[in-house]
Amino acid sequence: MKHIIIASTSTVYGGDYLAYILDDLNTFFNQANEILFIPYARPGGMSHDAYTEKARVAFTKINKSVKGIHTFENPTIAIKKAQAIFVGGGNTFVLLNQLCKNNLLPILKEVVTKGTPYLGTSAGSNICGLSIKTTNDMPIMYPPNFSALGFVPFNLNPHYIDPEPNSKHMGETRETRIQEFHGFNPQPVIGLREGSWLFVKGSSIVLKGTLSARVFEQNKTPYEVYPEAELNTIK
């Protein structure tokens with residue numbers, strides 16, 4: 001049975017890394033002593049070692065150890081044996097490209113579907129949807145395709161930002177870009193605001209945090225869903 005947290009972000013409003021969700025993660029990872037960290041998204045181009053250390057420091061606060069997948073000789077076996085998995089944020093194209101290069105998508109999907117706890121933030125959340133086509137990231141790498149893990153029956157847009165009515169120039173809004181996506185793609189998109197996450201348990205998908213999320217469906221007016229809403233009917 002799937003056991004997943006799909007979080008919009010790792011850091012809220014200048015707080016410490018993962019601080020806003022650590023209490024929930026302590027419960028979520030209660031059966032795991034060590035977490036396998038996948039640092040492939042490399043925010044700001046930081047090294048795998050530096051990114052893993054950032055995650056390690058955060059998880060020491062809830063008495064969990066962290067080991068980076070890049071330190072294993074065989075990453076497939078690392079995923080198979082993992083007690084729990086955390087895929088961090090950064091650039092979604094870089095992340096997906098590296099997962100494909102190492103042929104890790106099939107095994108990642110298999111173990112998480114069978115119940116290995118999975119935490120994704122930002123890019124690590126984008127790959128939980130049907131495709132990565134609604135990421136906000138620049139395509140600085142070109143993965144073989146844009147298909148993702150499909151843990152939920154829609155796409156994600158982490159870091160969703162509402163239009164600012166008093167702004168004289170914000171460029172294209174997220175809503176405009178998602179509407180453009182729906183000109184060519186039928187799947188719904190969930191706009192996750194900062195500090196929000198989805199809790200997936202089996203077939204249940206529940207919005208968590210204190211903020212609403214915005215739902216975009218092809219040829220329909222976007223609408224809000226609120227904390228504790230069940231989203232498994234959005235397809």
# chains A, B, ... in the order shown; residues from 1 in each chain; ligands from 1
>>> select_by_dssp(residues="segment 19-107 of chain A", states="strand (DSSP E)", output="list in words")
Glu34, Ile35, Leu36, Phe37, Ile38, Ser65, Val66, Lys67, Gly68, Ile85, Phe86 and Val87 of chain A
>>> residues_around(residues="Ser65 of chain A", least_positions_apart="4", cutoff="12 Å", atoms="only C-alpha atoms", output="short mmCIF file (atom, residue, chain, number, x, y, z; two decimals) with all heavy atoms, in the first residue's frame")
data_model
loop_
_atom_site.label_atom_id
_atom_site.label_comp_id
_atom_site.auth_asym_id
_atom_site.auth_seq_id
_atom_site.Cartn_x
_atom_site.Cartn_y
_atom_site.Cartn_z
N PHE A 29 7.73 8.54 9.23
CA PHE A 29 8.88 7.63 9.15
C PHE A 29 9.10 6.86 10.46
O PHE A 29 10.23 6.46 10.78
CB PHE A 29 10.15 8.42 8.84
CG PHE A 29 10.22 8.95 7.42
CD1 PHE A 29 10.52 10.28 7.17
CD2 PHE A 29 10.00 8.11 6.34
CE1 PHE A 29 10.61 10.77 5.87
CE2 PHE A 29 10.08 8.59 5.03
CZ PHE A 29 10.39 9.92 4.79
N ALA A 32 11.13 3.65 10.28
CA ALA A 32 12.44 3.68 9.60
C ALA A 32 13.49 4.33 10.49
O ALA A 32 13.25 5.37 11.10
CB ALA A 32 12.32 4.46 8.29
N ASN A 33 14.65 3.73 10.53
CA ASN A 33 15.79 4.33 11.23
C ASN A 33 16.70 5.07 10.27
O ASN A 33 17.33 6.07 10.65
CB ASN A 33 16.60 3.25 11.96
CG ASN A 33 15.81 2.59 13.07
OD1 ASN A 33 15.16 3.27 13.85
ND2 ASN A 33 15.86 1.27 13.13
N GLU A 34 16.78 4.58 9.03
CA GLU A 34 17.63 5.21 8.01
C GLU A 34 16.81 5.54 6.78
O GLU A 34 15.97 4.74 6.34
CB GLU A 34 18.77 4.28 7.62
CG GLU A 34 19.74 4.89 6.61
CD GLU A 34 20.88 3.96 6.25
OE1 GLU A 34 20.70 3.12 5.34
OE2 GLU A 34 21.95 4.07 6.89
N ILE A 35 17.05 6.71 6.24
CA ILE A 35 16.33 7.18 5.05
C ILE A 35 17.30 7.27 3.88
O ILE A 35 18.39 7.86 4.00
CB ILE A 35 15.69 8.56 5.32
CG1 ILE A 35 14.64 8.42 6.43
CG2 ILE A 35 15.05 9.12 4.06
CD1 ILE A 35 14.18 9.73 7.01
N LEU A 36 16.92 6.68 2.78
CA LEU A 36 17.70 6.78 1.54
C LEU A 36 17.36 8.10 0.86
O LEU A 36 16.21 8.32 0.48
CB LEU A 36 17.40 5.61 0.62
CG LEU A 36 18.13 5.62 -0.73
CD1 LEU A 36 19.63 5.39 -0.53
CD2 LEU A 36 17.55 4.57 -1.68
N PHE A 37 18.35 8.96 0.72
CA PHE A 37 18.13 10.28 0.10
C PHE A 37 18.60 10.26 -1.34
O PHE A 37 19.71 9.80 -1.65
CB PHE A 37 18.88 11.35 0.89
CG PHE A 37 18.70 12.75 0.35
CD1 PHE A 37 17.43 13.27 0.18
CD2 PHE A 37 19.80 13.52 0.03
CE1 PHE A 37 17.26 14.56 -0.32
CE2 PHE A 37 19.64 14.82 -0.45
CZ PHE A 37 18.37 15.34 -0.64
N THR A 52 23.09 15.97 0.44
CA THR A 52 22.82 14.90 1.39
C THR A 52 23.11 15.35 2.81
O THR A 52 22.37 15.02 3.75
CB THR A 52 23.64 13.65 1.04
OG1 THR A 52 23.32 13.22 -0.29
CG2 THR A 52 23.35 12.51 2.00
N GLU A 53 24.16 16.11 2.99
CA GLU A 53 24.49 16.61 4.32
C GLU A 53 23.38 17.54 4.83
O GLU A 53 23.04 17.51 6.03
CB GLU A 53 25.83 17.36 4.29
CG GLU A 53 26.23 18.02 5.59
CD GLU A 53 26.44 17.05 6.74
OE1 GLU A 53 26.53 15.82 6.50
OE2 GLU A 53 26.53 17.51 7.89
N LYS A 54 22.81 18.34 3.96
CA LYS A 54 21.71 19.23 4.35
C LYS A 54 20.52 18.41 4.85
O LYS A 54 19.90 18.75 5.86
CB LYS A 54 21.30 20.09 3.15
CG LYS A 54 20.31 21.18 3.47
CD LYS A 54 20.11 22.09 2.26
CE LYS A 54 19.20 23.25 2.62
NZ LYS A 54 19.05 24.20 1.47
N ALA A 55 20.21 17.35 4.13
CA ALA A 55 19.11 16.48 4.56
C ALA A 55 19.47 15.76 5.86
O ALA A 55 18.62 15.62 6.76
CB ALA A 55 18.80 15.46 3.47
N ARG A 56 20.70 15.34 5.99
CA ARG A 56 21.13 14.62 7.19
C ARG A 56 20.96 15.48 8.44
O ARG A 56 20.44 15.02 9.47
CB ARG A 56 22.60 14.19 7.06
CG ARG A 56 23.08 13.28 8.18
CD ARG A 56 24.60 13.21 8.25
NE ARG A 56 25.19 14.50 8.61
CZ ARG A 56 25.20 14.99 9.85
NH1 ARG A 56 24.68 14.29 10.86
NH2 ARG A 56 25.76 16.15 10.10
N VAL A 57 21.37 16.72 8.34
CA VAL A 57 21.26 17.64 9.49
C VAL A 57 19.80 17.80 9.91
O VAL A 57 19.48 17.79 11.10
CB VAL A 57 21.88 19.01 9.14
CG1 VAL A 57 21.55 20.04 10.21
CG2 VAL A 57 23.40 18.88 8.99
N ALA A 58 18.91 17.93 8.94
CA ALA A 58 17.49 18.09 9.26
C ALA A 58 16.93 16.86 9.97
O ALA A 58 16.22 16.97 10.98
CB ALA A 58 16.69 18.36 7.98
N PHE A 59 17.28 15.69 9.49
CA PHE A 59 16.69 14.47 10.04
C PHE A 59 17.30 14.04 11.37
O PHE A 59 16.70 13.24 12.10
CB PHE A 59 16.75 13.34 9.02
CG PHE A 59 15.64 13.38 8.02
CD1 PHE A 59 15.84 13.86 6.74
CD2 PHE A 59 14.36 12.96 8.38
CE1 PHE A 59 14.80 13.92 5.83
CE2 PHE A 59 13.31 13.01 7.48
CZ PHE A 59 13.53 13.49 6.20
N THR A 60 18.47 14.59 11.71
CA THR A 60 19.00 14.30 13.05
C THR A 60 18.07 14.85 14.13
O THR A 60 18.06 14.33 15.26
CB THR A 60 20.40 14.92 13.24
OG1 THR A 60 20.34 16.34 13.04
CG2 THR A 60 21.41 14.30 12.30
N LYS A 61 17.27 15.86 13.78
CA LYS A 61 16.35 16.46 14.76
C LYS A 61 15.22 15.51 15.15
O LYS A 61 14.57 15.71 16.18
CB LYS A 61 15.79 17.76 14.20
CG LYS A 61 16.87 18.81 13.94
CD LYS A 61 16.32 20.03 13.23
CE LYS A 61 17.44 21.01 12.90
NZ LYS A 61 16.96 22.18 12.13
N GLN A 83 14.66 1.43 3.82
CA GLN A 83 13.58 1.47 4.80
C GLN A 83 12.59 2.59 4.46
O GLN A 83 11.40 2.48 4.74
CB GLN A 83 14.15 1.71 6.20
CG GLN A 83 15.08 0.63 6.70
CD GLN A 83 15.70 1.00 8.03
OE1 GLN A 83 15.11 1.73 8.83
NE2 GLN A 83 16.90 0.50 8.29
N ALA A 84 13.11 3.66 3.88
CA ALA A 84 12.30 4.81 3.49
C ALA A 84 13.10 5.61 2.47
O ALA A 84 14.34 5.51 2.42
CB ALA A 84 11.95 5.67 4.69
N ILE A 85 12.41 6.42 1.68
CA ILE A 85 13.05 7.15 0.58
C ILE A 85 12.63 8.61 0.62
O ILE A 85 11.45 8.93 0.83
CB ILE A 85 12.68 6.54 -0.78
CG1 ILE A 85 13.20 5.10 -0.88
CG2 ILE A 85 13.21 7.38 -1.94
CD1 ILE A 85 12.63 4.31 -2.05
N PHE A 86 13.60 9.50 0.42
CA PHE A 86 13.34 10.94 0.31
C PHE A 86 13.99 11.45 -0.97
O PHE A 86 15.19 11.30 -1.17
CB PHE A 86 13.90 11.67 1.53
CG PHE A 86 13.88 13.18 1.43
CD1 PHE A 86 12.91 13.86 0.71
CD2 PHE A 86 14.83 13.93 2.11
CE1 PHE A 86 12.90 15.24 0.64
CE2 PHE A 86 14.83 15.32 2.06
CZ PHE A 86 13.87 15.97 1.31
#
>>> select_by_dssp(residues="segment 14-230 of chain A", states="helix (DSSP H, G or I)", output="PyMOL selection string")
chain A and resi 19-28+43-45+48-60+69-71+75-81+92-101+105-114+123-126+174-181
>>> write_last_selection(atoms="C-alpha atoms", output="JSON list (two decimals), in the first residue's frame")
[["chain", "number", "residue", "atom", "x", "y", "z"],
["A", 19, "ALA", "CA", 11.27, 22.44, 9.78],
["A", 20, "TYR", "CA", 7.60, 23.09, 8.98],
["A", 21, "ILE", "CA", 6.85, 19.40, 8.43],
["A", 22, "LEU", "CA", 9.30, 17.63, 10.75],
["A", 23, "ASP", "CA", 6.70, 16.66, 13.34],
["A", 24, "ASP", "CA", 4.64, 14.98, 10.64],
["A", 25, "LEU", "CA", 7.73, 13.31, 9.21],
["A", 26, "ASN", "CA", 8.56, 11.91, 12.63],
["A", 27, "THR", "CA", 5.25, 10.07, 12.55],
["A", 28, "PHE", "CA", 5.45, 9.27, 8.85],
["A", 43, "PRO", "CA", 19.34, 22.77, -6.27],
["A", 44, "GLY", "CA", 21.65, 25.56, -7.34],
["A", 45, "GLY", "CA", 23.98, 22.97, -8.82],
["A", 48, "HIS", "CA", 25.31, 15.32, -4.12],
["A", 49, "ASP", "CA", 27.41, 15.20, -0.95],
["A", 50, "ALA", "CA", 26.51, 18.74, 0.11],
["A", 51, "TYR", "CA", 22.82, 18.16, -0.53],
["A", 52, "THR", "CA", 22.82, 14.90, 1.39],
["A", 53, "GLU", "CA", 24.49, 16.61, 4.32],
["A", 54, "LYS", "CA", 21.71, 19.23, 4.35],
["A", 55, "ALA", "CA", 19.11, 16.48, 4.56],
["A", 56, "ARG", "CA", 21.13, 14.62, 7.19],
["A", 57, "VAL", "CA", 21.26, 17.64, 9.49],
["A", 58, "ALA", "CA", 17.49, 18.09, 9.26],
["A", 59, "PHE", "CA", 16.69, 14.47, 10.04],
["A", 60, "THR", "CA", 19.00, 14.30, 13.05],
["A", 69, "ILE", "CA", 21.98, 7.01, -3.04],
["A", 70, "HIS", "CA", 25.10, 8.22, -4.87],
["A", 71, "THR", "CA", 27.28, 6.52, -2.23],
["A", 75, "PRO", "CA", 21.54, 2.28, -6.67],
["A", 76, "THR", "CA", 18.89, -0.26, -7.69],
["A", 77, "ILE", "CA", 19.76, -2.48, -4.74],
["A", 78, "ALA", "CA", 19.84, 0.60, -2.50],
["A", 79, "ILE", "CA", 16.24, 1.37, -3.42],
["A", 80, "LYS", "CA", 15.16, -2.25, -3.01],
["A", 81, "LYS", "CA", 16.61, -2.40, 0.49],
["A", 92, "THR", "CA", 13.01, 18.38, -12.10],
["A", 93, "PHE", "CA", 14.60, 17.82, -15.51],
["A", 94, "VAL", "CA", 17.98, 17.06, -13.94],
["A", 95, "LEU", "CA", 16.30, 14.72, -11.45],
["A", 96, "LEU", "CA", 14.30, 12.79, -14.04],
["A", 97, "ASN", "CA", 17.25, 12.58, -16.41],
["A", 98, "GLN", "CA", 19.46, 11.02, -13.73],
["A", 99, "LEU", "CA", 16.75, 8.59, -12.63],
["A", 100, "CYS", "CA", 16.32, 7.50, -16.25],
["A", 101, "LYS", "CA", 20.07, 7.29, -16.82],
["A", 105, "LEU", "CA", 12.05, 4.70, -12.28],
["A", 106, "PRO", "CA", 10.69, 1.13, -12.52],
["A", 107, "ILE", "CA", 12.19, -0.03, -9.22],
["A", 108, "LEU", "CA", 11.26, 3.22, -7.47],
["A", 109, "LYS", "CA", 7.67, 2.83, -8.60],
["A", 110, "GLU", "CA", 7.64, -0.82, -7.56],
["A", 111, "VAL", "CA", 8.91, -0.41, -4.01],
["A", 112, "VAL", "CA", 6.81, 2.67, -3.24],
["A", 113, "THR", "CA", 3.67, 1.05, -4.63],
["A", 114, "LYS", "CA", 4.35, -1.90, -2.32],
["A", 123, "ALA", "CA", 11.10, 18.27, -7.86],
["A", 124, "GLY", "CA", 10.70, 15.09, -5.83],
["A", 125, "SER", "CA", 6.98, 15.87, -5.77],
["A", 126, "ASN", "CA", 6.75, 16.71, -9.47],
["A", 174, "ARG", "CA", 1.02, 29.99, -13.16],
["A", 175, "GLU", "CA", -2.66, 29.82, -14.01],
["A", 176, "THR", "CA", -1.95, 30.99, -17.57],
["A", 177, "ARG", "CA", 0.79, 28.41, -18.01],
["A", 178, "ILE", "CA", -1.40, 25.60, -16.72],
["A", 179, "GLN", "CA", -4.16, 26.69, -19.10],
["A", 180, "GLU", "CA", -1.62, 26.42, -21.92],
["A", 181, "PHE", "CA", -0.75, 22.92, -20.72]]
>>> closest_residue(among="A:Leu18, A:Asn145, A:Tyr40, A:Gly120", to="Ile62 of chain A", atoms="only C-alpha atoms")
A:Leu18
>>> closest_residue(among="A:Ile190, A:Ala213, A:Val87, A:Val12", to="Gly68 of chain A", atoms="only C-alpha atoms")
A:Val87
>>> atom_distance(atom1="atom CA of Asp162 of chain A", atom2="atom CA of Phe216 of chain A")
13.0 Å
>>> residues_around(residues="segment 147-160 of chain A", least_positions_apart="2", cutoff="8 Å", atoms="only C-alpha atoms", output="number ranges by chain")
A: 7-9, 96, 105, 109, 113, 122, 125-136, 145, 162, 174, 187-194, 205, 232, 234-235
>>> atom_distance(atom1="atom CA of Ser167 of chain A", atom2="atom CA of Gly89 of chain A")
28.0 Å
>>> atom_distance(atom1="atom CA of Glu164 of chain A", atom2="atom CA of Arg214 of chain A")
15.2 Å
>>> closest_residue(among="A:Ser204, A:Gln218, A:Asn103, A:Ser47", to="Lys2 of chain A", atoms="only C-alpha atoms")
A:Ser204
